Every structure is written in C-alpha cells, then in structure tokens.
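Student: data_27.cif (mmCIF, N, CA and C atoms) pasted underneath:
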data_target
loop_
_atom_site.label_atom_id
_atom_site.label_comp_id
_atom_site.auth_asym_id
_atom_site.auth_seq_id
_atom_site.Cartn_x
_atom_site.Cartn_y
_atom_site.Cartn_z
N GLN A 1 -42.03 -12.94 -13.13
CA GLN A 1 -41.62 -12.65 -14.50
C GLN A 1 -41.52 -11.13 -14.69
N LEU A 2 -40.39 -10.68 -15.22
CA LEU A 2 -40.15 -9.27 -15.43
C LEU A 2 -40.96 -8.82 -16.64
N GLN A 3 -41.75 -7.77 -16.46
CA GLN A 3 -42.61 -7.29 -17.53
C GLN A 3 -42.71 -5.77 -17.51
N LEU A 4 -42.71 -5.17 -18.71
CA LEU A 4 -42.93 -3.74 -18.88
C LEU A 4 -44.15 -3.56 -19.78
N VAL A 5 -45.06 -2.70 -19.36
CA VAL A 5 -46.27 -2.46 -20.15
C VAL A 5 -46.44 -0.97 -20.36
N GLU A 6 -46.42 -0.55 -21.64
CA GLU A 6 -46.63 0.85 -21.98
C GLU A 6 -48.11 1.13 -22.19
N SER A 7 -48.49 2.35 -21.91
CA SER A 7 -49.86 2.81 -22.18
C SER A 7 -49.84 4.32 -22.36
N GLY A 8 -50.97 4.84 -22.82
CA GLY A 8 -51.09 6.29 -22.95
C GLY A 8 -50.97 6.81 -24.37
N GLY A 9 -50.67 5.94 -25.30
CA GLY A 9 -50.58 6.39 -26.69
C GLY A 9 -51.96 6.69 -27.26
N GLY A 10 -51.96 7.25 -28.46
CA GLY A 10 -53.22 7.55 -29.11
C GLY A 10 -53.03 8.53 -30.24
N LEU A 11 -54.15 9.07 -30.70
CA LEU A 11 -54.16 10.06 -31.77
C LEU A 11 -54.31 11.45 -31.15
N VAL A 12 -53.44 12.35 -31.55
CA VAL A 12 -53.46 13.71 -31.02
C VAL A 12 -53.16 14.68 -32.15
N GLN A 13 -53.72 15.86 -32.06
CA GLN A 13 -53.45 16.88 -33.07
C GLN A 13 -52.09 17.52 -32.84
N PRO A 14 -51.49 18.05 -33.89
CA PRO A 14 -50.23 18.77 -33.70
C PRO A 14 -50.38 19.87 -32.65
N GLY A 15 -49.36 19.98 -31.80
CA GLY A 15 -49.41 20.93 -30.70
C GLY A 15 -50.00 20.37 -29.43
N GLY A 16 -50.58 19.19 -29.50
CA GLY A 16 -51.19 18.56 -28.34
C GLY A 16 -50.19 17.85 -27.45
N SER A 17 -50.72 17.20 -26.41
CA SER A 17 -49.88 16.53 -25.43
C SER A 17 -50.38 15.12 -25.16
N LEU A 18 -49.46 14.27 -24.78
CA LEU A 18 -49.76 12.93 -24.31
C LEU A 18 -48.78 12.60 -23.19
N ARG A 19 -49.22 11.74 -22.28
CA ARG A 19 -48.30 11.22 -21.28
C ARG A 19 -48.29 9.69 -21.39
N LEU A 20 -47.13 9.18 -21.73
CA LEU A 20 -46.95 7.74 -21.81
C LEU A 20 -46.54 7.19 -20.45
N SER A 21 -47.04 6.03 -20.14
CA SER A 21 -46.69 5.34 -18.90
C SER A 21 -46.01 4.02 -19.21
N CYS A 22 -45.08 3.66 -18.35
CA CYS A 22 -44.39 2.37 -18.46
C CYS A 22 -44.46 1.73 -17.08
N ALA A 23 -45.35 0.77 -16.92
CA ALA A 23 -45.54 0.12 -15.64
C ALA A 23 -44.75 -1.19 -15.60
N ALA A 24 -44.06 -1.38 -14.50
CA ALA A 24 -43.23 -2.58 -14.35
C ALA A 24 -43.87 -3.57 -13.40
N SER A 25 -43.68 -4.82 -13.68
CA SER A 25 -44.09 -5.88 -12.76
C SER A 25 -42.99 -6.93 -12.72
N GLY A 26 -42.83 -7.54 -11.56
CA GLY A 26 -41.82 -8.56 -11.40
C GLY A 26 -40.46 -8.02 -10.97
N PHE A 27 -40.32 -6.69 -10.91
CA PHE A 27 -39.09 -6.09 -10.44
C PHE A 27 -39.38 -4.65 -10.05
N THR A 28 -38.40 -4.05 -9.35
CA THR A 28 -38.56 -2.68 -8.88
C THR A 28 -37.82 -1.73 -9.81
N LEU A 29 -38.59 -0.82 -10.42
CA LEU A 29 -38.02 0.08 -11.42
C LEU A 29 -36.96 1.01 -10.87
N ASP A 30 -37.02 1.35 -9.59
CA ASP A 30 -36.09 2.35 -9.08
C ASP A 30 -34.66 1.83 -8.99
N ASN A 31 -34.43 0.57 -9.28
CA ASN A 31 -33.07 0.04 -9.35
C ASN A 31 -32.56 -0.06 -10.79
N TYR A 32 -33.34 0.47 -11.72
CA TYR A 32 -33.03 0.29 -13.12
C TYR A 32 -32.91 1.64 -13.85
N ALA A 33 -32.00 1.69 -14.82
CA ALA A 33 -32.04 2.76 -15.79
C ALA A 33 -33.20 2.49 -16.75
N ILE A 34 -33.87 3.55 -17.18
CA ILE A 34 -35.04 3.41 -18.03
C ILE A 34 -34.86 4.24 -19.28
N GLY A 35 -35.31 3.70 -20.39
CA GLY A 35 -35.25 4.44 -21.64
C GLY A 35 -36.58 4.40 -22.36
N TRP A 36 -36.85 5.47 -23.09
CA TRP A 36 -37.98 5.52 -24.01
C TRP A 36 -37.41 5.58 -25.43
N PHE A 37 -37.92 4.74 -26.28
CA PHE A 37 -37.48 4.65 -27.66
C PHE A 37 -38.70 4.73 -28.57
N ARG A 38 -38.46 5.01 -29.84
CA ARG A 38 -39.56 5.04 -30.78
C ARG A 38 -39.10 4.52 -32.13
N GLN A 39 -40.06 4.00 -32.88
CA GLN A 39 -39.76 3.53 -34.23
C GLN A 39 -40.93 3.88 -35.13
N ALA A 40 -40.63 4.67 -36.15
CA ALA A 40 -41.62 5.05 -37.15
C ALA A 40 -41.53 4.08 -38.32
N PRO A 41 -42.60 3.93 -39.09
CA PRO A 41 -42.56 3.00 -40.24
C PRO A 41 -41.43 3.34 -41.18
N GLY A 42 -40.66 2.31 -41.54
CA GLY A 42 -39.57 2.50 -42.47
C GLY A 42 -38.32 3.15 -41.90
N ARG A 43 -38.32 3.37 -40.60
CA ARG A 43 -37.18 4.02 -39.97
C ARG A 43 -36.61 3.13 -38.87
N GLU A 44 -35.37 3.38 -38.52
CA GLU A 44 -34.75 2.63 -37.44
C GLU A 44 -35.26 3.13 -36.09
N ARG A 45 -35.18 2.25 -35.12
CA ARG A 45 -35.53 2.64 -33.76
C ARG A 45 -34.54 3.69 -33.27
N GLU A 46 -35.05 4.67 -32.53
CA GLU A 46 -34.19 5.72 -32.00
C GLU A 46 -34.49 5.98 -30.52
N GLY A 47 -33.46 6.32 -29.79
CA GLY A 47 -33.63 6.66 -28.39
C GLY A 47 -34.22 8.05 -28.25
N VAL A 48 -35.25 8.17 -27.45
CA VAL A 48 -35.93 9.45 -27.24
C VAL A 48 -35.45 10.11 -25.96
N SER A 49 -35.47 9.35 -24.87
CA SER A 49 -35.06 9.87 -23.58
C SER A 49 -34.70 8.72 -22.67
N CYS A 50 -33.67 8.92 -21.85
CA CYS A 50 -33.24 7.90 -20.91
C CYS A 50 -32.91 8.55 -19.57
N ILE A 51 -33.04 7.75 -18.52
CA ILE A 51 -32.78 8.25 -17.17
C ILE A 51 -32.02 7.20 -16.38
N SER A 52 -31.07 7.66 -15.58
CA SER A 52 -30.27 6.72 -14.78
C SER A 52 -31.10 6.18 -13.62
N SER A 53 -30.59 5.13 -12.99
CA SER A 53 -31.35 4.48 -11.92
C SER A 53 -31.54 5.40 -10.72
N ASN A 54 -30.61 6.36 -10.53
CA ASN A 54 -30.73 7.30 -9.41
C ASN A 54 -31.40 8.61 -9.81
N ASP A 55 -31.90 8.67 -11.04
CA ASP A 55 -32.59 9.84 -11.60
C ASP A 55 -31.70 11.07 -11.73
N TYR A 56 -30.43 10.90 -11.54
CA TYR A 56 -29.55 12.08 -11.59
C TYR A 56 -29.22 12.48 -13.02
N TRP A 57 -29.05 11.47 -13.87
CA TRP A 57 -28.66 11.73 -15.26
C TRP A 57 -29.85 11.48 -16.19
N THR A 58 -30.05 12.40 -17.11
CA THR A 58 -31.07 12.21 -18.14
C THR A 58 -30.49 12.57 -19.50
N TYR A 59 -31.09 12.01 -20.51
CA TYR A 59 -30.70 12.30 -21.89
C TYR A 59 -31.98 12.49 -22.69
N TYR A 60 -31.96 13.48 -23.58
CA TYR A 60 -33.05 13.69 -24.54
C TYR A 60 -32.43 13.89 -25.91
N ARG A 61 -33.04 13.28 -26.90
CA ARG A 61 -32.53 13.55 -28.24
C ARG A 61 -32.90 14.98 -28.60
N ASP A 62 -32.10 15.59 -29.45
CA ASP A 62 -32.23 17.02 -29.74
C ASP A 62 -33.65 17.39 -30.18
N SER A 63 -34.27 16.56 -30.97
CA SER A 63 -35.57 16.92 -31.55
C SER A 63 -36.70 16.98 -30.52
N VAL A 64 -36.46 16.46 -29.30
CA VAL A 64 -37.53 16.49 -28.28
C VAL A 64 -37.17 17.35 -27.08
N LYS A 65 -35.97 17.89 -27.07
CA LYS A 65 -35.55 18.73 -25.94
C LYS A 65 -36.50 19.92 -25.77
N GLY A 66 -36.90 20.15 -24.53
CA GLY A 66 -37.82 21.25 -24.24
C GLY A 66 -39.28 20.88 -24.44
N ARG A 67 -39.54 19.73 -25.04
CA ARG A 67 -40.93 19.31 -25.28
C ARG A 67 -41.30 18.05 -24.50
N PHE A 68 -40.35 17.16 -24.30
CA PHE A 68 -40.59 15.89 -23.62
C PHE A 68 -39.91 15.91 -22.26
N ALA A 69 -40.48 15.17 -21.31
CA ALA A 69 -39.87 15.04 -19.99
C ALA A 69 -40.07 13.63 -19.46
N ILE A 70 -38.98 13.04 -19.00
CA ILE A 70 -39.04 11.69 -18.42
C ILE A 70 -39.06 11.82 -16.89
N SER A 71 -39.86 10.95 -16.25
CA SER A 71 -39.93 10.99 -14.80
C SER A 71 -40.26 9.61 -14.27
N ARG A 72 -40.04 9.44 -12.97
CA ARG A 72 -40.25 8.14 -12.35
C ARG A 72 -41.10 8.31 -11.10
N ASP A 73 -42.08 7.43 -10.90
CA ASP A 73 -42.87 7.38 -9.67
C ASP A 73 -42.60 6.03 -9.02
N THR A 74 -41.73 6.03 -8.00
CA THR A 74 -41.34 4.77 -7.39
C THR A 74 -42.50 4.10 -6.65
N ALA A 75 -43.41 4.91 -6.11
CA ALA A 75 -44.55 4.35 -5.39
C ALA A 75 -45.44 3.53 -6.32
N LYS A 76 -45.55 3.97 -7.57
CA LYS A 76 -46.38 3.27 -8.54
C LYS A 76 -45.55 2.33 -9.43
N ASN A 77 -44.23 2.31 -9.21
CA ASN A 77 -43.35 1.47 -10.02
C ASN A 77 -43.57 1.74 -11.52
N THR A 78 -43.63 3.01 -11.84
CA THR A 78 -43.98 3.45 -13.19
C THR A 78 -43.06 4.60 -13.62
N VAL A 79 -42.69 4.59 -14.88
CA VAL A 79 -41.94 5.69 -15.48
C VAL A 79 -42.83 6.34 -16.54
N TYR A 80 -42.72 7.66 -16.64
CA TYR A 80 -43.57 8.40 -17.55
C TYR A 80 -42.73 9.13 -18.60
N LEU A 81 -43.36 9.40 -19.72
CA LEU A 81 -42.80 10.30 -20.71
C LEU A 81 -43.89 11.32 -21.04
N GLN A 82 -43.73 12.53 -20.53
CA GLN A 82 -44.66 13.62 -20.84
C GLN A 82 -44.24 14.23 -22.17
N MET A 83 -45.16 14.27 -23.10
CA MET A 83 -44.84 14.77 -24.44
C MET A 83 -45.75 15.95 -24.74
N ASN A 84 -45.16 17.11 -24.90
CA ASN A 84 -45.90 18.35 -25.20
C ASN A 84 -45.51 18.87 -26.58
N SER A 85 -46.33 19.76 -27.08
CA SER A 85 -46.07 20.39 -28.39
C SER A 85 -45.76 19.34 -29.44
N LEU A 86 -46.57 18.32 -29.49
CA LEU A 86 -46.31 17.20 -30.39
C LEU A 86 -46.37 17.63 -31.85
N LYS A 87 -45.52 16.98 -32.64
CA LYS A 87 -45.40 17.27 -34.07
C LYS A 87 -45.69 15.99 -34.86
N PRO A 88 -46.09 16.12 -36.10
CA PRO A 88 -46.33 14.92 -36.92
C PRO A 88 -45.11 13.98 -36.97
N GLU A 89 -43.92 14.54 -36.93
CA GLU A 89 -42.73 13.69 -36.96
C GLU A 89 -42.48 12.92 -35.67
N ASP A 90 -43.29 13.17 -34.65
CA ASP A 90 -43.22 12.36 -33.43
C ASP A 90 -44.03 11.07 -33.56
N THR A 91 -44.75 10.92 -34.64
CA THR A 91 -45.56 9.73 -34.86
C THR A 91 -44.67 8.49 -34.93
N ALA A 92 -44.97 7.51 -34.09
CA ALA A 92 -44.17 6.28 -34.01
C ALA A 92 -44.79 5.34 -32.98
N VAL A 93 -44.26 4.14 -32.95
CA VAL A 93 -44.53 3.25 -31.82
C VAL A 93 -43.46 3.55 -30.77
N TYR A 94 -43.92 3.80 -29.56
CA TYR A 94 -43.02 4.14 -28.47
C TYR A 94 -42.87 2.95 -27.53
N TYR A 95 -41.61 2.66 -27.19
CA TYR A 95 -41.28 1.54 -26.32
C TYR A 95 -40.53 2.04 -25.09
N CYS A 96 -40.78 1.40 -23.95
CA CYS A 96 -39.91 1.65 -22.81
C CYS A 96 -39.02 0.43 -22.62
N ALA A 97 -37.89 0.67 -21.99
CA ALA A 97 -36.90 -0.39 -21.78
C ALA A 97 -36.22 -0.16 -20.44
N ALA A 98 -35.71 -1.23 -19.85
CA ALA A 98 -35.09 -1.15 -18.54
C ALA A 98 -33.79 -1.93 -18.52
N SER A 99 -32.83 -1.40 -17.74
CA SER A 99 -31.55 -2.08 -17.58
C SER A 99 -31.09 -1.97 -16.14
N PRO A 100 -30.67 -3.08 -15.54
CA PRO A 100 -30.16 -3.02 -14.16
C PRO A 100 -28.74 -2.47 -14.09
N ILE A 101 -28.10 -2.41 -15.25
CA ILE A 101 -26.73 -1.92 -15.33
C ILE A 101 -26.74 -0.65 -16.15
N TRP A 102 -26.10 0.37 -15.64
CA TRP A 102 -26.08 1.60 -16.42
C TRP A 102 -24.74 2.29 -16.28
N GLY A 103 -24.40 3.03 -17.30
CA GLY A 103 -23.16 3.80 -17.30
C GLY A 103 -23.45 5.17 -17.86
N ASN A 104 -22.96 5.42 -19.07
CA ASN A 104 -23.23 6.68 -19.74
C ASN A 104 -24.66 6.63 -20.29
N VAL A 105 -25.55 7.43 -19.74
CA VAL A 105 -26.96 7.36 -20.11
C VAL A 105 -27.15 7.72 -21.58
N GLN A 106 -26.42 8.70 -22.06
CA GLN A 106 -26.55 9.09 -23.47
C GLN A 106 -26.15 7.93 -24.37
N ALA A 107 -25.03 7.29 -24.05
CA ALA A 107 -24.56 6.18 -24.87
C ALA A 107 -25.57 5.03 -24.84
N MET A 108 -26.12 4.76 -23.67
CA MET A 108 -27.12 3.69 -23.57
C MET A 108 -28.33 4.00 -24.43
N CYS A 109 -28.71 5.27 -24.44
CA CYS A 109 -29.89 5.67 -25.22
C CYS A 109 -29.61 5.59 -26.71
N LEU A 110 -28.44 5.99 -27.12
CA LEU A 110 -28.10 5.99 -28.54
C LEU A 110 -27.95 4.56 -29.07
N MET A 111 -27.44 3.67 -28.22
CA MET A 111 -27.21 2.30 -28.67
C MET A 111 -28.36 1.35 -28.33
N GLY A 112 -29.31 1.79 -27.53
CA GLY A 112 -30.39 0.91 -27.15
C GLY A 112 -29.94 -0.23 -26.25
N SER A 113 -29.00 0.06 -25.36
CA SER A 113 -28.39 -0.97 -24.52
C SER A 113 -29.26 -1.30 -23.31
N PHE A 114 -30.41 -1.88 -23.57
CA PHE A 114 -31.35 -2.25 -22.53
C PHE A 114 -31.82 -3.69 -22.78
N PRO A 115 -31.75 -4.56 -21.78
CA PRO A 115 -32.14 -5.96 -22.01
C PRO A 115 -33.64 -6.24 -21.92
N HIS A 116 -34.39 -5.36 -21.30
CA HIS A 116 -35.81 -5.62 -21.08
C HIS A 116 -36.65 -4.56 -21.78
N TRP A 117 -37.64 -5.02 -22.56
CA TRP A 117 -38.44 -4.12 -23.40
C TRP A 117 -39.93 -4.39 -23.24
N GLY A 118 -40.72 -3.33 -23.38
CA GLY A 118 -42.16 -3.48 -23.43
C GLY A 118 -42.63 -3.75 -24.85
N GLN A 119 -43.93 -3.83 -25.02
CA GLN A 119 -44.50 -4.20 -26.31
C GLN A 119 -44.79 -2.99 -27.20
N GLY A 120 -44.76 -1.81 -26.63
CA GLY A 120 -44.94 -0.59 -27.41
C GLY A 120 -46.35 -0.04 -27.37
N THR A 121 -46.46 1.27 -27.59
CA THR A 121 -47.75 1.94 -27.69
C THR A 121 -47.68 2.94 -28.85
N GLN A 122 -48.73 2.98 -29.66
CA GLN A 122 -48.72 3.81 -30.85
C GLN A 122 -49.06 5.25 -30.51
N VAL A 123 -48.26 6.17 -31.03
CA VAL A 123 -48.54 7.60 -30.94
C VAL A 123 -48.67 8.14 -32.36
N THR A 124 -49.80 8.75 -32.64
CA THR A 124 -50.03 9.33 -33.96
C THR A 124 -50.39 10.80 -33.78
N VAL A 125 -49.60 11.65 -34.43
CA VAL A 125 -49.82 13.09 -34.38
C VAL A 125 -50.28 13.54 -35.76
N SER A 126 -51.54 13.92 -35.84
CA SER A 126 -52.12 14.25 -37.14
C SER A 126 -53.36 15.11 -36.94
N SER A 127 -53.58 16.01 -37.90
CA SER A 127 -54.79 16.82 -37.88
C SER A 127 -55.89 16.17 -38.69
#
Have the structure of the file written as structure tokens, please.
Tutor:
Amino acid sequence: QLQLVESGGGLVQPGGSLRLSCAASGFTLDNYAIGWFRQAPGREREGVSCISSNDYWTYYRDSVKGRFAISRDTAKNTVYLQMNSLKPEDTAVYYCAASPIWGNVQAMCLMGSFPHWGQGTQVTVSS
C-alpha cells in the first residue's frame, strides 16, 4: 500500500527553523515528483515547493524563496523541506504529495496535480 507520512512539525518562534520529513512506504520516491503544500485555517491549499523525479527542476513559491529548501534522500526514501527564518504567516498544516507522472513542476505545484497525499503535519510559528 502506497503511503506518505509527514513529520517534523511543531511550534517554533519567528526566525526559527524546522525540517519537515515525508517518508514513503510501498513505493520508491526517487521515481516520483514530490510536492510540499500547506493550508492555513480559512485559506485555500497552496503549493510551497515541488521537485521533479530527477531532482533537476524545483519550484518555490515567492514567499518562501531563499528560506525553504526541498531535498530528497533516496537511501531513506524520504523527502525533506528545510524551513528557515520562519514567519507567523508560514503557520499551516503542511502536506507532502507524490506523482509518478510529471511535467512542468511549477504548474504541478500551482495546481496540486499529485494523486498521492500524506495526512499533514502542523507548523505553528508564534512567539
């Protein structure tokens, strides 16, 4: 059974850092495009960062550029989202998603074109 499990969320002060993990089971992540998405209360889900299956193409939404970094560890079958200089507006439930088919990574991220999703992990940035 294909499964994605996020972890690493929590409460952090503004300016702090967190590293989210997305561990896969039932399939090999290195054959999939991966996306990180978030949804804050009362807001629509938005794409945060996405990476192609060959790691060549990445996308970051403007508000996280220079602060967040997506990476993949094939040995651990895990994808990470390193989040630095966190702001209160980064507060949301963060989800990872996977797709065996990929094209324009930016378009996939903006449209949420991923068939497989994790359950989410809460990130709260507050003093």
Student: Could you go through chain A and tell me which residues DSSP, when run on the backbone, assigns to strand (DSSP E), listing them as a short mmCIF file (atom, residue, chain, number, x, y, z; two decimals) with N, CA and C atoms, in the frame of the given file?
Tutor:
data_model
loop_
_atom_site.label_atom_id
_atom_site.label_comp_id
_atom_site.auth_asym_id
_atom_site.auth_seq_id
_atom_site.Cartn_x
_atom_site.Cartn_y
_atom_site.Cartn_z
N GLN A 3 -41.75 -7.77 -16.46
CA GLN A 3 -42.61 -7.29 -17.53
C GLN A 3 -42.71 -5.77 -17.51
N LEU A 4 -42.71 -5.17 -18.71
CA LEU A 4 -42.93 -3.74 -18.88
C LEU A 4 -44.15 -3.56 -19.78
N VAL A 5 -45.06 -2.70 -19.36
CA VAL A 5 -46.27 -2.46 -20.15
C VAL A 5 -46.44 -0.97 -20.36
N GLU A 6 -46.42 -0.55 -21.64
CA GLU A 6 -46.63 0.85 -21.98
C GLU A 6 -48.11 1.13 -22.19
N SER A 7 -48.49 2.35 -21.91
CA SER A 7 -49.86 2.81 -22.18
C SER A 7 -49.84 4.32 -22.36
N GLY A 10 -51.96 7.25 -28.46
CA GLY A 10 -53.22 7.55 -29.11
C GLY A 10 -53.03 8.53 -30.24
N LEU A 11 -54.15 9.07 -30.70
CA LEU A 11 -54.16 10.06 -31.77
C LEU A 11 -54.31 11.45 -31.15
N VAL A 12 -53.44 12.35 -31.55
CA VAL A 12 -53.46 13.71 -31.02
C VAL A 12 -53.16 14.68 -32.15
N LEU A 18 -49.46 14.27 -24.78
CA LEU A 18 -49.76 12.93 -24.31
C LEU A 18 -48.78 12.60 -23.19
N ARG A 19 -49.22 11.74 -22.28
CA ARG A 19 -48.30 11.22 -21.28
C ARG A 19 -48.29 9.69 -21.39
N LEU A 20 -47.13 9.18 -21.73
CA LEU A 20 -46.95 7.74 -21.81
C LEU A 20 -46.54 7.19 -20.45
N SER A 21 -47.04 6.03 -20.14
CA SER A 21 -46.69 5.34 -18.90
C SER A 21 -46.01 4.02 -19.21
N CYS A 22 -45.08 3.66 -18.35
CA CYS A 22 -44.39 2.37 -18.46
C CYS A 22 -44.46 1.73 -17.08
N ALA A 23 -45.35 0.77 -16.92
CA ALA A 23 -45.54 0.12 -15.64
C ALA A 23 -44.75 -1.19 -15.60
N ALA A 24 -44.06 -1.38 -14.50
CA ALA A 24 -43.23 -2.58 -14.35
C ALA A 24 -43.87 -3.57 -13.40
N SER A 25 -43.68 -4.82 -13.68
CA SER A 25 -44.09 -5.88 -12.76
C SER A 25 -42.99 -6.93 -12.72
N ALA A 33 -32.00 1.69 -14.82
CA ALA A 33 -32.04 2.76 -15.79
C ALA A 33 -33.20 2.49 -16.75
N ILE A 34 -33.87 3.55 -17.18
CA ILE A 34 -35.04 3.41 -18.03
C ILE A 34 -34.86 4.24 -19.28
N GLY A 35 -35.31 3.70 -20.39
CA GLY A 35 -35.25 4.44 -21.64
C GLY A 35 -36.58 4.40 -22.36
N TRP A 36 -36.85 5.47 -23.09
CA TRP A 36 -37.98 5.52 -24.01
C TRP A 36 -37.41 5.58 -25.43
N PHE A 37 -37.92 4.74 -26.28
CA PHE A 37 -37.48 4.65 -27.66
C PHE A 37 -38.70 4.73 -28.57
N ARG A 38 -38.46 5.01 -29.84
CA ARG A 38 -39.56 5.04 -30.78
C ARG A 38 -39.10 4.52 -32.13
N GLN A 39 -40.06 4.00 -32.88
CA GLN A 39 -39.76 3.53 -34.23
C GLN A 39 -40.93 3.88 -35.13
N GLU A 46 -35.05 4.67 -32.53
CA GLU A 46 -34.19 5.72 -32.00
C GLU A 46 -34.49 5.98 -30.52
N GLY A 47 -33.46 6.32 -29.79
CA GLY A 47 -33.63 6.66 -28.39
C GLY A 47 -34.22 8.05 -28.25
N VAL A 48 -35.25 8.17 -27.45
CA VAL A 48 -35.93 9.45 -27.24
C VAL A 48 -35.45 10.11 -25.96
N SER A 49 -35.47 9.35 -24.87
CA SER A 49 -35.06 9.87 -23.58
C SER A 49 -34.70 8.72 -22.67
N CYS A 50 -33.67 8.92 -21.85
CA CYS A 50 -33.24 7.90 -20.91
C CYS A 50 -32.91 8.55 -19.57
N ILE A 51 -33.04 7.75 -18.52
CA ILE A 51 -32.78 8.25 -17.17
C ILE A 51 -32.02 7.20 -16.38
N THR A 58 -30.05 12.40 -17.11
CA THR A 58 -31.07 12.21 -18.14
C THR A 58 -30.49 12.57 -19.50
N TYR A 59 -31.09 12.01 -20.51
CA TYR A 59 -30.70 12.30 -21.89
C TYR A 59 -31.98 12.49 -22.69
N TYR A 60 -31.96 13.48 -23.58
CA TYR A 60 -33.05 13.69 -24.54
C TYR A 60 -32.43 13.89 -25.91
N PHE A 68 -40.35 17.16 -24.30
CA PHE A 68 -40.59 15.89 -23.62
C PHE A 68 -39.91 15.91 -22.26
N ALA A 69 -40.48 15.17 -21.31
CA ALA A 69 -39.87 15.04 -19.99
C ALA A 69 -40.07 13.63 -19.46
N ILE A 70 -38.98 13.04 -19.00
CA ILE A 70 -39.04 11.69 -18.42
C ILE A 70 -39.06 11.82 -16.89
N SER A 71 -39.86 10.95 -16.25
CA SER A 71 -39.93 10.99 -14.80
C SER A 71 -40.26 9.61 -14.27
N ARG A 72 -40.04 9.44 -12.97
CA ARG A 72 -40.25 8.14 -12.35
C ARG A 72 -41.10 8.31 -11.10
N ASP A 73 -42.08 7.43 -10.90
CA ASP A 73 -42.87 7.38 -9.67
C ASP A 73 -42.60 6.03 -9.02
N THR A 78 -43.63 3.01 -11.84
CA THR A 78 -43.98 3.45 -13.19
C THR A 78 -43.06 4.60 -13.62
N VAL A 79 -42.69 4.59 -14.88
CA VAL A 79 -41.94 5.69 -15.48
C VAL A 79 -42.83 6.34 -16.54
N TYR A 80 -42.72 7.66 -16.64
CA TYR A 80 -43.57 8.40 -17.55
C TYR A 80 -42.73 9.13 -18.60
N LEU A 81 -43.36 9.40 -19.72
CA LEU A 81 -42.80 10.30 -20.71
C LEU A 81 -43.89 11.32 -21.04
N GLN A 82 -43.73 12.53 -20.53
CA GLN A 82 -44.66 13.62 -20.84
C GLN A 82 -44.24 14.23 -22.17
N MET A 83 -45.16 14.27 -23.10
CA MET A 83 -44.84 14.77 -24.44
C MET A 83 -45.75 15.95 -24.74
N ALA A 92 -44.97 7.51 -34.09
CA ALA A 92 -44.17 6.28 -34.01
C ALA A 92 -44.79 5.34 -32.98
N VAL A 93 -44.26 4.14 -32.95
CA VAL A 93 -44.53 3.25 -31.82
C VAL A 93 -43.46 3.55 -30.77
N TYR A 94 -43.92 3.80 -29.56
CA TYR A 94 -43.02 4.14 -28.47
C TYR A 94 -42.87 2.95 -27.53
N TYR A 95 -41.61 2.66 -27.19
CA TYR A 95 -41.28 1.54 -26.32
C TYR A 95 -40.53 2.04 -25.09
N CYS A 96 -40.78 1.40 -23.95
CA CYS A 96 -39.91 1.65 -22.81
C CYS A 96 -39.02 0.43 -22.62
N ALA A 97 -37.89 0.67 -21.99
CA ALA A 97 -36.90 -0.39 -21.78
C ALA A 97 -36.22 -0.16 -20.44
N ALA A 98 -35.71 -1.23 -19.85
CA ALA A 98 -35.09 -1.15 -18.54
C ALA A 98 -33.79 -1.93 -18.52
N SER A 99 -32.83 -1.40 -17.74
CA SER A 99 -31.55 -2.08 -17.58
C SER A 99 -31.09 -1.97 -16.14
N HIS A 116 -34.39 -5.36 -21.30
CA HIS A 116 -35.81 -5.62 -21.08
C HIS A 116 -36.65 -4.56 -21.78
N TRP A 117 -37.64 -5.02 -22.56
CA TRP A 117 -38.44 -4.12 -23.40
C TRP A 117 -39.93 -4.39 -23.24
N THR A 121 -46.46 1.27 -27.59
CA THR A 121 -47.75 1.94 -27.69
C THR A 121 -47.68 2.94 -28.85
N GLN A 122 -48.73 2.98 -29.66
CA GLN A 122 -48.72 3.81 -30.85
C GLN A 122 -49.06 5.25 -30.51
N VAL A 123 -48.26 6.17 -31.03
CA VAL A 123 -48.54 7.60 -30.94
C VAL A 123 -48.67 8.14 -32.36
N THR A 124 -49.80 8.75 -32.64
CA THR A 124 -50.03 9.33 -33.96
C THR A 124 -50.39 10.80 -33.78
N VAL A 125 -49.60 11.65 -34.43
CA VAL A 125 -49.82 13.09 -34.38
C VAL A 125 -50.28 13.54 -35.76
#
Student: Write out as a list of chain:residue names the residues lying within 8 Å of Ala23 in chain A, counting only C-alpha atoms and excluding same-chain residues fewer than 6 positions away.
Tutor: A:Leu4, A:Val5, A:Glu6, A:Lys76, A:Asn77, A:Thr78, A:Val79
Student: Let me know the residues the PyMOL selection byres ((chain A and resi 49) around 7) catches in the file above, as an MDAnalysis selection string.
Tutor: chainID A and resid 34:37 46:48 50:51 58:61 70 109
Student: Which polymer residues have any atom within 6.5 Å of an atom of range 92-108 of chain A, counting all atoms listed in the file, with same-chain residues fewer than 5 positions away left out, as a PyMOL selection string?
Tutor: chain A and resi 6+22+31-41+50-52+57-59+113-125
Student: Please evaluate the PyMOL selection byres ((chain A and resi 69) around 6.5) against the displayed coordinates and give the resulting residues as a PyMOL selection string.
Tutor: chain A and resi 67-68+70-71+80-84
Student: Can you spit out the residues from that selection as a tab-separated table (two decimals), in the coordinates of the input, using N, CA and C atoms?
Tutor:
chain	number	residue	atom	x	y	z
A	67	ARG	N	-39.54	19.73	-25.04
A	67	ARG	CA	-40.93	19.31	-25.28
A	67	ARG	C	-41.30	18.05	-24.50
A	68	PHE	N	-40.35	17.16	-24.30
A	68	PHE	CA	-40.59	15.89	-23.62
A	68	PHE	C	-39.91	15.91	-22.26
A	70	ILE	N	-38.98	13.04	-19.00
A	70	ILE	CA	-39.04	11.69	-18.42
A	70	ILE	C	-39.06	11.82	-16.89
A	71	SER	N	-39.86	10.95	-16.25
A	71	SER	CA	-39.93	10.99	-14.80
A	71	SER	C	-40.26	9.61	-14.27
A	80	TYR	N	-42.72	7.66	-16.64
A	80	TYR	CA	-43.57	8.40	-17.55
A	80	TYR	C	-42.73	9.13	-18.60
A	81	LEU	N	-43.36	9.40	-19.72
A	81	LEU	CA	-42.80	10.30	-20.71
A	81	LEU	C	-43.89	11.32	-21.04
A	82	GLN	N	-43.73	12.53	-20.53
A	82	GLN	CA	-44.66	13.62	-20.84
A	82	GLN	C	-44.24	14.23	-22.17
A	83	MET	N	-45.16	14.27	-23.10
A	83	MET	CA	-44.84	14.77	-24.44
A	83	MET	C	-45.75	15.95	-24.74
A	84	ASN	N	-45.16	17.11	-24.90
A	84	ASN	CA	-45.90	18.35	-25.20
A	84	ASN	C	-45.51	18.87	-26.58
Student: Interatomic distance between CA of Gly66 in chain A and CA of Leu86 in chain A?
Tutor: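 These atoms are spaced 11.2 Å apart.
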Student: Between atom C of Ser127 in chain A and atom N of Gln13 in chain A, what distance in Å does the model show, to one decimal?
Tutor: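 Straight-line distance from atom C of Ser127 in chain A to atom N of Gln13 in chain A works out to 7.0 Å.
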